[in-house]
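A.B. asks: mmCIF, C-alpha atoms, file coords33.cif:
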data_target
#
loop_
_atom_site.label_atom_id
_atom_site.label_comp_id
_atom_site.auth_asym_id
_atom_site.auth_seq_id
_atom_site.Cartn_x
_atom_site.Cartn_y
_atom_site.Cartn_z
CA MET K 702 32.13 88.70 -121.67
CA PRO K 703 35.06 88.51 -119.24
CA ALA K 704 38.44 88.54 -120.90
CA ALA K 705 40.89 85.69 -120.50
CA ALA K 706 43.93 86.35 -118.36
CA LEU K 707 47.18 87.29 -120.02
CA PRO K 708 49.94 84.67 -119.93
CA ALA K 709 52.27 85.27 -116.99
CA GLN K 710 55.13 87.56 -117.97
CA PRO K 711 57.63 89.62 -116.02
CA LEU K 712 56.17 93.11 -115.52
CA SER K 713 59.32 94.63 -116.99
CA THR K 714 58.60 93.00 -120.38
CA LEU K 715 54.84 93.57 -120.57
CA HIS K 716 54.11 96.37 -123.03
CA PHE K 717 51.47 98.80 -121.80
CA LEU K 718 49.39 98.10 -124.94
CA ALA K 719 49.37 94.36 -124.25
CA ASP K 720 45.91 94.65 -122.66
CA PHE K 721 43.54 97.44 -123.66
CA THR K 722 39.85 98.07 -124.26
CA ALA K 723 38.82 100.30 -127.15
CA ILE K 724 35.57 102.13 -126.49
CA ASP K 725 33.20 104.38 -128.42
CA LEU K 726 29.96 106.08 -127.40
CA GLU K 727 27.14 107.57 -129.41
CA PHE K 728 25.15 110.13 -127.48
CA GLN K 729 22.80 113.09 -127.61
CA GLY K 730 23.66 115.89 -125.22
CA THR K 731 24.64 113.93 -122.13
CA ASP K 732 22.27 111.03 -122.87
CA LEU K 733 24.02 107.80 -123.79
CA LEU K 734 22.47 106.10 -126.85
CA GLU K 735 24.97 103.39 -127.75
CA LEU K 736 28.11 101.89 -126.23
CA ALA K 737 30.57 99.53 -127.84
CA ALA K 738 33.87 98.22 -126.54
CA ILE K 739 36.31 95.51 -127.55
CA ARG K 740 39.03 94.22 -125.27
CA TYR K 741 42.33 93.26 -126.91
CA GLN K 742 45.12 91.21 -125.39
CA ASP K 743 48.29 90.92 -127.45
CA TRP K 744 46.23 92.58 -130.22
CA LYS K 745 43.69 89.76 -130.32
CA GLN K 746 40.01 90.34 -129.50
CA VAL K 747 39.03 88.55 -126.31
CA GLY K 748 35.57 90.00 -125.72
CA GLN K 749 33.19 92.76 -126.64
CA VAL K 750 30.13 94.75 -125.59
CA ASN K 751 27.87 96.29 -128.22
CA SER K 752 24.51 97.69 -127.14
CA PHE K 753 22.02 100.45 -127.63
CA VAL K 754 21.03 102.16 -124.38
CA ARG K 755 17.42 102.76 -123.41
CA PHE K 756 16.33 106.33 -124.13
CA ARG K 757 12.69 107.41 -124.24
CA GLY K 758 13.15 110.98 -125.50
CA PRO K 759 13.08 112.17 -129.12
CA ILE K 760 16.20 111.63 -131.22
CA LYS K 761 17.22 114.86 -132.93
CA GLY K 762 17.42 114.80 -136.69
CA ILE K 763 21.09 115.76 -136.74
CA VAL K 764 21.95 112.85 -134.42
CA SER K 765 19.92 110.36 -136.43
CA SER K 766 21.43 111.61 -139.70
CA LEU K 767 24.98 111.28 -138.36
CA THR K 768 24.64 107.94 -136.57
CA GLY K 769 21.62 106.25 -138.12
CA ILE K 770 20.22 105.69 -134.63
CA THR K 771 16.44 106.04 -134.37
CA SER K 772 13.98 106.11 -131.48
CA ALA K 773 12.99 102.55 -132.39
CA ASP K 774 16.58 101.41 -131.72
CA VAL K 775 16.75 102.78 -128.19
CA TRP K 776 13.15 102.72 -126.96
CA ASN K 777 13.31 99.18 -125.56
CA ALA K 778 17.10 98.81 -125.42
CA PRO K 779 18.85 97.59 -122.23
CA GLU K 780 18.87 100.00 -119.30
CA GLU K 781 21.91 102.28 -118.97
CA ARG K 782 22.97 100.68 -115.69
CA ALA K 783 23.05 97.21 -117.24
CA VAL K 784 25.12 98.36 -120.23
CA LEU K 785 27.60 100.15 -117.98
CA ARG K 786 27.96 97.04 -115.85
CA GLN K 787 28.70 94.96 -118.95
CA PHE K 788 31.33 97.45 -119.99
CA LYS K 789 33.00 97.48 -116.58
CA ALA K 790 33.04 93.68 -116.46
CA LEU K 791 34.66 93.56 -119.89
CA ALA K 792 37.24 96.30 -119.39
CA GLY K 793 38.36 95.40 -115.87
CA ASP K 794 41.51 97.39 -115.10
CA SER K 795 42.73 97.46 -118.70
CA LEU K 796 43.87 100.59 -120.51
CA LEU K 797 40.90 102.41 -122.11
CA VAL K 798 41.48 103.65 -125.66
CA CYS K 799 39.25 106.00 -127.65
CA HIS K 800 39.38 108.66 -130.34
CA ASN K 801 38.54 112.03 -128.76
CA LEU K 802 39.09 111.28 -125.11
CA SER K 803 37.62 114.51 -123.78
CA ALA K 804 34.17 113.70 -125.17
CA ASP K 805 33.92 109.96 -124.54
CA ARG K 806 35.33 109.99 -121.02
CA ARG K 807 33.10 112.92 -120.05
CA ILE K 808 29.90 111.26 -121.31
CA LEU K 809 30.85 107.89 -119.80
CA GLU K 810 31.49 109.41 -116.38
CA ILE K 811 28.28 111.48 -116.52
CA ALA K 812 26.37 108.26 -117.22
CA ARG K 813 28.17 106.40 -114.42
CA THR K 814 27.49 109.23 -111.97
CA ARG K 815 23.84 109.22 -113.03
CA GLN K 816 23.75 105.51 -112.11
CA GLY K 817 25.32 106.08 -108.70
CA ALA K 818 29.03 105.43 -109.32
CA PRO K 819 30.87 106.96 -106.34
CA ALA K 820 34.10 107.76 -108.21
CA PRO K 821 35.54 107.93 -111.74
CA LEU K 822 36.99 104.81 -113.28
CA PRO K 823 40.56 104.25 -112.02
CA ASN K 824 41.74 103.00 -115.44
CA GLU K 825 44.34 104.79 -117.51
CA TRP K 826 43.08 106.27 -120.77
CA PHE K 827 44.77 106.69 -124.13
CA CYS K 828 43.60 109.02 -126.90
CA THR K 829 44.28 108.14 -130.55
CA LEU K 830 43.20 111.65 -131.57
CA ALA K 831 45.96 113.15 -129.42
CA LEU K 832 48.41 110.57 -130.78
CA SER K 833 47.53 111.36 -134.39
CA ARG K 834 47.97 115.09 -133.78
CA GLN K 835 51.37 114.40 -132.28
CA ARG K 836 52.53 111.92 -134.93
CA LEU K 837 50.81 113.46 -137.99
CA PRO K 838 50.82 117.24 -137.44
CA THR K 839 50.40 117.99 -141.17
CA ALA K 840 47.48 115.63 -141.77
CA PRO K 841 44.59 117.49 -143.43
CA SER K 842 42.13 115.96 -140.97
CA HIS K 843 42.35 114.13 -137.67
CA LYS K 844 38.83 112.74 -137.82
CA LEU K 845 38.81 109.00 -137.22
CA GLY K 846 37.26 108.12 -140.58
CA ASP K 847 39.63 110.36 -142.52
CA LEU K 848 42.69 108.99 -140.74
CA CYS K 849 41.59 105.41 -141.31
CA THR K 850 40.98 106.07 -144.99
CA SER K 851 44.46 107.55 -145.33
CA PHE K 852 45.93 104.34 -143.89
CA GLY K 853 43.79 102.05 -146.02
CA ILE K 854 41.62 101.00 -143.06
CA ALA K 855 38.00 100.49 -144.07
CA ALA K 856 35.94 103.41 -142.76
CA HIS K 857 32.45 102.39 -143.87
CA GLY K 858 29.92 102.47 -141.07
CA ALA K 859 31.63 105.32 -139.22
CA HIS K 860 29.65 106.97 -136.41
CA ARG K 861 28.26 103.69 -135.20
CA ALA K 862 29.88 102.66 -131.95
CA LEU K 863 31.19 99.18 -132.80
CA ARG K 864 32.57 100.21 -136.18
CA ASP K 865 34.29 103.21 -134.61
CA VAL K 866 35.84 100.94 -131.98
CA GLU K 867 37.26 98.67 -134.69
CA MET K 868 38.57 101.67 -136.61
CA CYS K 869 40.14 103.17 -133.47
CA ALA K 870 41.96 99.93 -132.68
CA GLY K 871 43.09 99.63 -136.30
CA LEU K 872 44.43 103.18 -136.27
CA LEU K 873 46.27 102.56 -133.00
CA GLN K 874 47.85 99.42 -134.45
CA ARG K 875 48.94 101.20 -137.62
CA LEU K 876 50.48 104.14 -135.74
CA HIS K 877 52.26 101.71 -133.41
CA GLN K 878 53.64 99.81 -136.40
CA MET K 879 55.01 103.06 -137.82
CA GLU K 880 56.75 103.97 -134.58
CA PRO K 881 56.42 102.05 -131.28
CA ILE K 882 54.32 103.79 -128.66
CA ASN K 883 56.15 103.48 -125.37
CA GLY K 884 53.84 105.25 -123.00
CA PRO K 885 50.34 106.70 -122.65
CA LEU K 886 49.70 110.32 -123.64
CA VAL K 887 46.87 110.58 -121.12
CA ALA K 888 47.15 108.56 -117.93
CA LYS K 889 45.30 108.27 -114.66
CA ALA K 890 47.83 109.00 -111.94
CA LYS K 891 46.74 105.96 -109.98
CA GLY K 892 47.14 103.57 -112.90
CA LYS K 893 49.96 101.58 -114.46
CA LYS K 894 52.86 103.42 -116.03
CA ALA K 895 54.80 102.12 -118.98
CA ALA K 896 58.52 101.83 -118.52
CA ALA K 897 60.75 103.46 -121.11
CA GLY K 898 62.22 100.96 -123.53
CA THR K 899 59.51 98.33 -123.15
CA PRO K 900 59.41 96.16 -126.27
CA SER K 901 57.07 96.91 -129.15
CA LEU K 902 54.46 94.27 -129.83
CA PHE K 903 54.95 95.03 -133.52
CA GLU K 904 58.70 94.55 -133.83
CA ALA K 905 58.05 91.60 -136.14
CA ALA K 906 54.82 92.86 -137.66
CA ALA K 907 54.50 92.93 -141.44
#
When written as structure tokens, how does the structure in this file appear?

C.D. replies:
Amino acid sequence: MPAAALPAQPLSTLHFLADFTAIDLEFQGTDLLELAAIRYQDWKQVGQVNSFVRFRGPIKGIVSSLTGITSADVWNAPEERAVLRQFKALAGDSLLVCHNLSADRRILEIARTRQGAPAPLPNEWFCTLALSRQRLPTAPSHKLGDLCTSFGIAAHGAHRALRDVEMCAGLLQRLHQMEPINGPLVAKAKGKKAAAGTPSLFEAAA
């Protein structure tokens, strides 16, 4: 579902988190099993993708136990190419946010390369795992579910892509409320760059 355009604002006042897409993947090895993404503009959901991905191999017991995904879920699911196209149409050039960037970006780009993508996505990326390690160095765990539980964010259904996306966005919001985030920790050199001192979208948040 294409996202609606942001209201026109001077670039100098547009916070870099004003338009982002949270993404989560479930996978086995380098095989993509499930992809979910929600695009947020001014912290409101404007569209989402949530789909299993066709996979005709056996699902390992450890993967099924962790995620709940079975062969029946993915056997006749949409083809990988179609799911990736839906994701790209949703995300556009928005900032991509996930928890554990190194894993999700790697698997996403392997899948895109497998489907003939000539180059990596040009989008900037932001990692809530890296942010939590920076902001909460003494936290006993930086797992997404544990962090969400510590902030009172419901963590039931963890390790399913859509639920993890919602949890990731909730964690990002809570950390931003605690202390405004004024620039990405991980950025694509070609992408947008947040200016220092840009206003927090949560200055008036409860």

A.B. asks: Neighbouring residues of Ser765 in chain K were defined as those with any atom within 12 Å, considering all atoms listed in the file; residues of the same chain fewer than 4 positions away were excluded. Please report them as a short mmCIF file (atom, residue, chain, number, x, y, z; two decimals) with C-alpha atoms, in the frame of the given file.

C.D. replies:
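That gives us around.cif:
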data_model
loop_
_atom_site.label_atom_id
_atom_site.label_comp_id
_atom_site.auth_asym_id
_atom_site.auth_seq_id
_atom_site.Cartn_x
_atom_site.Cartn_y
_atom_site.Cartn_z
CA GLU K 727 27.14 107.57 -129.41
CA PHE K 728 25.15 110.13 -127.48
CA GLN K 729 22.80 113.09 -127.61
CA LEU K 734 22.47 106.10 -126.85
CA PRO K 759 13.08 112.17 -129.12
CA ILE K 760 16.20 111.63 -131.22
CA LYS K 761 17.22 114.86 -132.93
CA GLY K 769 21.62 106.25 -138.12
CA ILE K 770 20.22 105.69 -134.63
CA THR K 771 16.44 106.04 -134.37
CA SER K 772 13.98 106.11 -131.48
CA ALA K 773 12.99 102.55 -132.39
CA ASP K 774 16.58 101.41 -131.72
CA VAL K 775 16.75 102.78 -128.19
CA HIS K 860 29.65 106.97 -136.41
CA ARG K 861 28.26 103.69 -135.20
#

A.B. asks: CA of Leu796 in chain K and CA of Ser752 in chain K, how far apart in Å?

C.D. replies: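 Value for the CA of Ser752 in chain K-CA of Leu796 in chain K distance: 20.7 Å.
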
A.B. asks: For the structure shown, which residues end up in the PyMOL selection byres ((chain K and resi 871) around 12)? Put them as a PyMOL selection string, please?

C.D. replies: chain K and resi 723+739+741+744-746+798-800+829+845-846+848-850+852-856+864-870+872-878

A.B. asks: Which one is closest to Gly793 in chain K: K:Gly748, K:Pro819, K:Pro838, K:Gly730? Count all atoms listed in the file.

C.D. replies: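 Among the listed residues, the smallest separation from Gly793 in chain K belongs to K:Gly748.
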
A.B. asks: Interatomic distance between CA of Leu718 in chain K and CA of Arg782 in chain K?

C.D. replies: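 Atom-to-atom, CA of Leu718 in chain K and CA of Arg782 in chain K are spaced 28.1 Å apart.
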
A.B. asks: Using all atoms listed in the file, which residue out of K:Asn777, K:Asp805, K:Arg740, K:Ala862 lies closest to Ala790 in chain K?

C.D. replies: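 Selected residue with least distance to Ala790 in chain K: K:Arg740.
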